[in-house]
Amino acid sequence: MLPLKKFVPPLQLLHLKLNSLSDSDAPNSKIKHAVLYDGNITKFDSRLHGFDIATCLEVIEHIEEEEASLFGDVVLSSFAPKILIVSTPNYEYNVILQGYTPHGQEDDPNDKNLAQACKFRNHDHKFEWTRAQFEHWASELAAKHNYSVDFSGVGGAADVEPRFASQMAIFKRREESPGSVECVSEYKQVWKWSREEEAVGVS
């Protein structure tokens, strides 16, 4: 996790932005409050239970694979958002990003054997999944926790191999209500903004 002092400049900007929106007619002006928590995504905190939508964008590749599986179980079984969006790098796309140049006419830059020779995109990535690996992970989680799942992505093109630079899974809860849970507070609140109160600074 990043030191909390790293969040001070962006939170100051966010504070100013939210203050300006609260005085406008923009749709975002309906925001009543915003909170930042610091915690482990594999731990459950009931204050974040049952939201309409949750996102986990380019995060899971920074933890170990077994923790990524634990995260999926915890978020779908306990946090139980109506919609969960998860994105992670498409390892097969690294051939393009890393500028591989075929050595001969027989070399195909879309060949999966060539893709396996590529490096991860970031030194902090613990893993990067192929499309088959990601879809297997997401499909098993969806079936286990009564969610549907669709796949998409960003960057690249849906109809050109190896498709998207970052792959995305959109989970949708089949049940209307997630049910009640026991109150658990695992996360530390480090920042809060509301219309009625002044924002509490990073502590």
# chains A, B, ... in the order shown; residues from 1 in each chain; ligands from 1
>>> residues_around(residues="segment 165-180 of chain A", least_positions_apart="6", cutoff="9 Å", atoms="only C-alpha atoms", output="VMD selection string")
chain A and resid 49 to 50 57 to 58 76 to 94 96 to 97 131 134 to 135 138 142 145 to 157
>>> closest_residue(among="A:Ile60, A:Leu48, A:Leu18, A:Val8", to="Ser185 of chain A", atoms="only C-alpha atoms")
A:Leu48
>>> closest_residue(among="A:Leu21, A:Ala132, A:Val74, A:Arg121", to="Ile41 of chain A", atoms="only C-alpha atoms")
A:Val74
>>> closest_residue(among="A:Gln12, A:Asn19, A:Ala143, A:Asn122", to="Lys32 of chain A", atoms="only C-alpha atoms")
A:Asn19
>>> closest_residue(among="A:His15, A:Glu65, A:Cys56, A:Thr42", to="Trp129 of chain A", atoms="only C-alpha atoms")
A:Glu65
>>> residues_around(residues="His33 of chain A", least_positions_apart="3", cutoff="7 Å", atoms="only C-alpha atoms", output="PDB file with N, CA and C atoms, in the first residue's frame")
ATOM      1  N   TRP A 193     -15.544  13.668   2.826  1.00  0.00           N
ATOM      2  CA  TRP A 193     -16.098  14.944   2.358  1.00  0.00           C
ATOM      3  C   TRP A 193     -17.615  14.865   2.411  1.00  0.00           C
ATOM      4  N   SER A 194     -18.255  15.939   2.789  1.00  0.00           N
ATOM      5  CA  SER A 194     -19.712  16.002   2.721  1.00  0.00           C
ATOM      6  C   SER A 194     -20.132  17.440   2.486  1.00  0.00           C
ATOM      7  N   ARG A 195     -21.347  17.606   2.001  1.00  0.00           N
ATOM      8  CA  ARG A 195     -21.848  18.959   1.764  1.00  0.00           C
ATOM      9  C   ARG A 195     -21.992  19.736   3.065  1.00  0.00           C
TER      10      ARG A 195
END
>>> atom_distance(atom1="atom CA of Pro162 of chain A", atom2="atom CA of Val59 of chain A")
21.4 Å
>>> atom_distance(atom1="atom CA of Glu128 of chain A", atom2="atom CA of Phe164 of chain A")
13.6 Å
>>> select_by_dssp(residues="chain A", states="alpha helix (DSSP H)", output="MDAnalysis selection string")
chainID A and resid 8:22 65:74 94:97 112:115 131:144
>>> select_by_dssp(residues="segment 61-161 of chain A", states="strand (DSSP E)", output="PyMOL selection string")
chain A and resi 83-89+147-156
